[in-house]
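See structure below.
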Amino acid sequence: MTAFRALPFAALSMFAQAASPVIALDVGHYNEKPGAMSARGQTELSFNQALEPIVADALKQHGATPIAIGLAGDMASLTARPRAAEAAGAKFFLSLHHDSTQAEFMQSWDWQGTQRQYSDHTSGFSIFVSRLNPQVATSLKCASAIGTALVAAGFHPNESHAEHIHGEYKEWADKAHGVYYFDKLVVLKSASMPAALLESGVIVNRDEELVLSKPETRQAIAKAVADGLASCGMIGTPAV
């Protein structure tokens with residue numbers, strides 16, 4: 001980790017005029033509340049932490065300056081995350097997550113002598129944007145561009161969030177490319193810059209958990225994120 005990415009966000013403002021464009025990579029969840037638990041007992045936070053540096057490297061290939069927010073797992077405040085991005089002069093805010101499903105679809109299985117919860121009900125990626133974000137049009141444009149790149153790379157959208165069941169009922173923003181409206185997400189509606197939240201895949205799905213753990217899968221997701229942000233004009237294209 002570079003010294004820049006380890007700095008507290010109060011000190012990040014000095015880098016607002018540094019190498020541009022700055023892209024904020026928000027690592028979803030924190031140590032006390034690490035998010036979903038995978039089918040084999042790994043926390044969502046650990047998946048998010050593993051993905052962030054790979055996405056950061058892909059962004060650097062496009063000449064961008066990525067900053068990690070919440071990478072150490074010690075940032076409990078959701079509103080502090082977009083504030084840190086703003087202090088760093090970020091042009092775009094992307095929150096990195098991995099998905100679960102509704103409790104009614106969960107089942108138990110024995111994994112290495114321990115009972116774990118899993119669900120093979122759904123799979124695939126989802127991207128969320130908030131209409132309460134002040135730059136929702138750009139947020140949606142870039143979310144769709146990332147979704148387009150993910151589909152082109154062989155990933156498929158998770159359609160379960162549009163199901164008419166309790167806890168879902170999300171409205172499609174771009175069904176073909178896996179983008180939903182989720183207006184109340186704090187990190188998105190609180191951001192002053194365009195923002196999106198990426199659920200890279202479903203870690204309670206036993207097969208997808210294994211796929212998402214592979215370095216080549218993380219590399220493919222990272223490349224799609226960078227290609228999407230280049231396509232929507234947030235970052236440049238890699239030098240040839």
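In the structure tokens, the first chain shown is A, the next is B, and so on; residue numbers restart at 1 for each chain, and ligands run from 1 in the order shown.
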Would you please give, as a ChimeraX atom specification, all residues of region 1-236 of chain A that DSSP assigns to strand (DSSP E or B) based on the backbone?
-> /A:22-27,30,33,37,43,65-69,92-99,107-111,114-118,125-129,157,171-174,179-181,195-202
Using only C-alpha atoms, what table do you get, as JSON lines, when you list each residue of region 178-223 of chain A with an atom no more than 10 Å from region 133-149 of chain A, its nearest pair of atoms, and their distance in Å rounded to one decimal, rows by chain then rising number?
{"residue": "A:Gly178", "atom": "CA", "partner": "A:Gly147", "partner_atom": "CA", "distance": 6.0}
{"residue": "A:Val179", "atom": "CA", "partner": "A:Ser144", "partner_atom": "CA", "distance": 6.4}
{"residue": "A:Tyr180", "atom": "CA", "partner": "A:Leu140", "partner_atom": "CA", "distance": 9.1}
{"residue": "A:Tyr181", "atom": "CA", "partner": "A:Leu140", "partner_atom": "CA", "distance": 8.9}
{"residue": "A:Asp183", "atom": "CA", "partner": "A:Asn133", "partner_atom": "CA", "distance": 8.1}
{"residue": "A:Lys184", "atom": "CA", "partner": "A:Asn133", "partner_atom": "CA", "distance": 9.7}
{"residue": "A:Leu185", "atom": "CA", "partner": "A:Asn133", "partner_atom": "CA", "distance": 9.7}
{"residue": "A:Val186", "atom": "CA", "partner": "A:Asn133", "partner_atom": "CA", "distance": 9.7}
{"residue": "A:Val187", "atom": "CA", "partner": "A:Asn133", "partner_atom": "CA", "distance": 9.4}
{"residue": "A:Leu188", "atom": "CA", "partner": "A:Asn133", "partner_atom": "CA", "distance": 6.2}
{"residue": "A:Lys189", "atom": "CA", "partner": "A:Asn133", "partner_atom": "CA", "distance": 4.4}
{"residue": "A:Ser190", "atom": "CA", "partner": "A:Asn133", "partner_atom": "CA", "distance": 6.7}
{"residue": "A:Ala191", "atom": "CA", "partner": "A:Asn133", "partner_atom": "CA", "distance": 6.5}
{"residue": "A:Ser192", "atom": "CA", "partner": "A:Pro134", "partner_atom": "CA", "distance": 6.4}
{"residue": "A:Met193", "atom": "CA", "partner": "A:Gln135", "partner_atom": "CA", "distance": 6.4}
{"residue": "A:Pro194", "atom": "CA", "partner": "A:Ser139", "partner_atom": "CA", "distance": 4.6}
{"residue": "A:Ala195", "atom": "CA", "partner": "A:Ser139", "partner_atom": "CA", "distance": 5.3}
{"residue": "A:Ala196", "atom": "CA", "partner": "A:Ser139", "partner_atom": "CA", "distance": 6.2}
{"residue": "A:Leu197", "atom": "CA", "partner": "A:Ala143", "partner_atom": "CA", "distance": 8.4}
{"residue": "A:Leu198", "atom": "CA", "partner": "A:Ala143", "partner_atom": "CA", "distance": 8.5}
{"residue": "A:Ala220", "atom": "CA", "partner": "A:Ala149", "partner_atom": "CA", "distance": 9.7}
{"residue": "A:Ile221", "atom": "CA", "partner": "A:Ala149", "partner_atom": "CA", "distance": 8.8}
{"residue": "A:Ala222", "atom": "CA", "partner": "A:Ile146", "partner_atom": "CA", "distance": 9.9}
{"residue": "A:Lys223", "atom": "CA", "partner": "A:Ala149", "partner_atom": "CA", "distance": 8.4}
Gly41 (chain A) surroundings by only C-alpha atoms, 7 Å radius, close-in-sequence under 3 positions cut, as a VMD selection string | chain A and resid 37 to 38 116
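Of note, CA of Asp57 (chain A) and CA of Ile235 (chain A) are spaced 13.3 Å apart.
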For region 18-31 of chain A, work out the shell of residues within 6 Å, counting only C-alpha atoms and skipping chain neighbours fewer than 4 positions away, then give it as a ChimeraX atom specification.
-> /A:35,45,48,64-71,73-74,76,85,90-97
Which distance in Å separates CA of Ser126 (chain A) and CA of His161 (chain A), to one decimal?
->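 Taking CA of Ser126 (chain A) and CA of His161 (chain A), their separation equals 8.4 Å.
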Hey, what's within 10 Å of region 104-112 of chain A if we count only C-alpha atoms and toss same-chain stuff fewer than 2 positions away? As JSON, numbers by chain, please?
-> {"A": [39, 40, 41, 100, 101, 102, 114, 115, 116, 117, 118, 119, 120, 121, 122, 165, 166, 204, 205]}
Taking N, CA and C atoms for each residue, export the selection above as a PDB file, in the first residue's frame.
ATOM      1  N   ALA A  39     -21.026 -19.007   1.716  1.00  0.00           N
ATOM      2  CA  ALA A  39     -21.462 -20.386   1.941  1.00  0.00           C
ATOM      3  C   ALA A  39     -20.423 -21.203   2.683  1.00  0.00           C
ATOM      4  N   ARG A  40     -19.160 -20.781   2.633  1.00  0.00           N
ATOM      5  CA  ARG A  40     -18.083 -21.509   3.310  1.00  0.00           C
ATOM      6  C   ARG A  40     -17.504 -20.723   4.482  1.00  0.00           C
ATOM      7  N   GLY A  41     -18.227 -19.700   4.938  1.00  0.00           N
ATOM      8  CA  GLY A  41     -17.869 -19.033   6.176  1.00  0.00           C
ATOM      9  C   GLY A  41     -16.891 -17.888   6.076  1.00  0.00           C
ATOM     10  N   SER A 100     -25.737 -11.294  -1.107  1.00  0.00           N
ATOM     11  CA  SER A 100     -26.399 -12.416  -0.460  1.00  0.00           C
ATOM     12  C   SER A 100     -27.789 -12.554  -1.093  1.00  0.00           C
ATOM     13  N   THR A 101     -28.734 -13.096  -0.361  1.00  0.00           N
ATOM     14  CA  THR A 101     -30.107 -13.189  -0.830  1.00  0.00           C
ATOM     15  C   THR A 101     -31.032 -13.136   0.374  1.00  0.00           C
ATOM     16  N   GLN A 102     -32.313 -13.175   0.151  1.00  0.00           N
ATOM     17  CA  GLN A 102     -33.280 -13.085   1.235  1.00  0.00           C
ATOM     18  C   GLN A 102     -33.292 -14.361   2.079  1.00  0.00           C
ATOM     19  N   THR A 114     -18.839 -28.060   9.795  1.00  0.00           N
ATOM     20  CA  THR A 114     -19.583 -26.934  10.371  1.00  0.00           C
ATOM     21  C   THR A 114     -20.832 -26.668   9.545  1.00  0.00           C
ATOM     22  N   GLN A 115     -21.944 -26.430  10.222  1.00  0.00           N
ATOM     23  CA  GLN A 115     -23.178 -26.082   9.529  1.00  0.00           C
ATOM     24  C   GLN A 115     -23.106 -24.633   9.048  1.00  0.00           C
ATOM     25  N   ARG A 116     -23.260 -24.455   7.763  1.00  0.00           N
ATOM     26  CA  ARG A 116     -23.226 -23.124   7.151  1.00  0.00           C
ATOM     27  C   ARG A 116     -24.536 -22.860   6.415  1.00  0.00           C
ATOM     28  N   GLN A 117     -24.811 -21.580   6.220  1.00  0.00           N
ATOM     29  CA  GLN A 117     -25.987 -21.155   5.458  1.00  0.00           C
ATOM     30  C   GLN A 117     -25.573 -20.870   4.018  1.00  0.00           C
ATOM     31  N   TYR A 118     -26.410 -21.284   3.077  1.00  0.00           N
ATOM     32  CA  TYR A 118     -26.142 -21.022   1.670  1.00  0.00           C
ATOM     33  C   TYR A 118     -27.459 -20.849   0.929  1.00  0.00           C
ATOM     34  N   SER A 119     -27.369 -20.362  -0.282  1.00  0.00           N
ATOM     35  CA  SER A 119     -28.520 -20.321  -1.189  1.00  0.00           C
ATOM     36  C   SER A 119     -28.011 -20.305  -2.617  1.00  0.00           C
ATOM     37  N   ASP A 120     -28.483 -21.251  -3.404  1.00  0.00           N
ATOM     38  CA  ASP A 120     -28.181 -21.274  -4.827  1.00  0.00           C
ATOM     39  C   ASP A 120     -29.332 -20.682  -5.636  1.00  0.00           C
ATOM     40  N   HIS A 121     -30.174 -19.913  -4.950  1.00  0.00           N
ATOM     41  CA  HIS A 121     -31.358 -19.331  -5.588  1.00  0.00           C
ATOM     42  C   HIS A 121     -31.002 -18.362  -6.706  1.00  0.00           C
ATOM     43  N   THR A 122     -29.918 -17.641  -6.529  1.00  0.00           N
ATOM     44  CA  THR A 122     -29.595 -16.608  -7.510  1.00  0.00           C
ATOM     45  C   THR A 122     -28.087 -16.471  -7.637  1.00  0.00           C
ATOM     46  N   ILE A 165     -40.921  -9.673  -3.722  1.00  0.00           N
ATOM     47  CA  ILE A 165     -40.899 -10.280  -2.398  1.00  0.00           C
ATOM     48  C   ILE A 165     -40.375  -9.253  -1.417  1.00  0.00           C
ATOM     49  N   HIS A 166     -40.627  -9.509  -0.137  1.00  0.00           N
ATOM     50  CA  HIS A 166     -40.184  -8.585   0.901  1.00  0.00           C
ATOM     51  C   HIS A 166     -38.669  -8.434   0.863  1.00  0.00           C
ATOM     52  N   VAL A 204     -23.201 -16.291  -1.162  1.00  0.00           N
ATOM     53  CA  VAL A 204     -23.916 -17.384  -0.494  1.00  0.00           C
ATOM     54  C   VAL A 204     -24.231 -18.504  -1.479  1.00  0.00           C
ATOM     55  N   ASN A 205     -24.076 -18.245  -2.756  1.00  0.00           N
ATOM     56  CA  ASN A 205     -24.201 -19.268  -3.786  1.00  0.00           C
ATOM     57  C   ASN A 205     -22.903 -20.084  -3.787  1.00  0.00           C
TER      58      ASN A 205
END
Backbone DSSP call of helix (DSSP H, G or I) for region 5-238 of chain A, listed as a short mmCIF file (atom, residue, chain, number, x, y, z; two decimals) with C-alpha atoms, in the first residue's frame:
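Below you can see states14.cif, which holds the result:
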data_model
loop_
_atom_site.label_atom_id
_atom_site.label_comp_id
_atom_site.auth_asym_id
_atom_site.auth_seq_id
_atom_site.Cartn_x
_atom_site.Cartn_y
_atom_site.Cartn_z
CA ARG A 5 -3.62 5.41 0.29
CA ALA A 6 -2.89 4.90 3.99
CA PHE A 9 -9.01 11.27 5.02
CA ALA A 10 -8.51 14.59 6.81
CA ALA A 11 -5.13 14.75 5.10
CA LEU A 12 -6.31 13.66 1.68
CA SER A 13 -7.34 17.13 0.54
CA MET A 14 -3.72 17.99 -0.29
CA PHE A 15 -3.96 15.42 -3.06
CA GLU A 44 -18.20 -10.25 2.68
CA LEU A 45 -15.71 -7.70 4.02
CA SER A 46 -12.85 -10.08 3.26
CA PHE A 47 -14.07 -10.48 -0.33
CA ASN A 48 -14.39 -6.70 -0.69
CA GLN A 49 -10.90 -6.17 0.74
CA ALA A 50 -9.42 -8.71 -1.66
CA LEU A 51 -11.06 -7.10 -4.70
CA GLU A 52 -10.14 -3.47 -4.00
CA PRO A 53 -6.37 -3.55 -4.74
CA ILE A 54 -7.01 -5.43 -7.98
CA VAL A 55 -9.54 -2.82 -9.12
CA ALA A 56 -7.07 -0.14 -8.05
CA ASP A 57 -4.36 -1.66 -10.23
CA ALA A 58 -6.71 -1.80 -13.21
CA LEU A 59 -7.56 1.89 -12.74
CA LYS A 60 -3.88 2.79 -12.61
CA ALA A 80 -17.80 9.54 6.33
CA ARG A 81 -17.02 7.48 3.26
CA PRO A 82 -18.26 9.91 0.59
CA ARG A 83 -16.83 12.77 2.65
CA ALA A 84 -13.42 11.12 2.44
CA ALA A 85 -13.84 10.81 -1.32
CA GLU A 86 -14.77 14.48 -1.59
CA ALA A 87 -11.76 15.51 0.51
CA ALA A 103 -33.55 -15.31 4.32
CA GLU A 104 -36.43 -17.32 2.88
CA PHE A 105 -34.10 -18.80 0.26
CA VAL A 136 -27.67 10.74 -10.94
CA ALA A 137 -27.54 10.96 -14.75
CA THR A 138 -23.77 10.54 -14.77
CA SER A 139 -23.99 7.88 -12.06
CA LEU A 140 -26.38 5.88 -14.23
CA LYS A 141 -24.30 6.40 -17.37
CA CYS A 142 -21.21 5.00 -15.68
CA ALA A 143 -23.07 2.20 -13.91
CA SER A 144 -24.48 1.08 -17.25
CA ALA A 145 -21.02 1.30 -18.81
CA ILE A 146 -19.57 -0.92 -16.07
CA GLY A 147 -22.47 -3.34 -16.47
CA THR A 148 -21.93 -3.41 -20.23
CA ALA A 149 -18.27 -4.27 -19.71
CA LEU A 150 -19.13 -7.00 -17.19
CA VAL A 151 -21.62 -8.60 -19.58
CA ALA A 152 -19.07 -8.42 -22.39
CA SER A 160 -33.39 -11.31 -7.99
CA HIS A 161 -33.50 -7.75 -6.64
CA ALA A 162 -36.49 -7.03 -8.86
CA LYS A 175 -32.00 -4.33 -16.88
CA ALA A 176 -29.77 -5.50 -19.72
CA HIS A 177 -26.69 -4.36 -17.82
CA VAL A 186 -26.43 6.23 2.24
CA VAL A 187 -23.03 6.14 0.52
CA LEU A 188 -24.66 6.91 -2.83
CA LYS A 189 -27.15 9.59 -1.85
CA ARG A 206 -21.82 -22.22 -3.37
CA ASP A 207 -20.60 -22.32 -6.95
CA GLU A 208 -20.35 -18.56 -7.39
CA GLU A 209 -18.41 -18.18 -4.14
CA LEU A 210 -15.67 -20.37 -5.59
CA VAL A 211 -15.64 -18.45 -8.87
CA LEU A 212 -15.47 -15.09 -7.09
CA PRO A 215 -7.71 -14.35 -8.96
CA GLU A 216 -8.69 -14.47 -12.62
CA THR A 217 -12.30 -13.62 -11.77
CA ARG A 218 -11.22 -10.65 -9.69
CA GLN A 219 -8.96 -9.53 -12.52
CA ALA A 220 -11.85 -9.75 -14.99
CA ILE A 221 -14.16 -7.76 -12.70
CA ALA A 222 -11.47 -5.13 -12.18
CA LYS A 223 -10.84 -4.79 -15.90
CA ALA A 224 -14.57 -4.39 -16.54
CA VAL A 225 -14.79 -1.64 -13.92
CA ALA A 226 -11.87 0.23 -15.48
CA ASP A 227 -13.15 -0.28 -19.02
CA GLY A 228 -16.59 0.93 -17.99
CA LEU A 229 -15.28 4.06 -16.30
CA ALA A 230 -13.16 4.76 -19.39
CA SER A 231 -16.21 4.27 -21.62
#
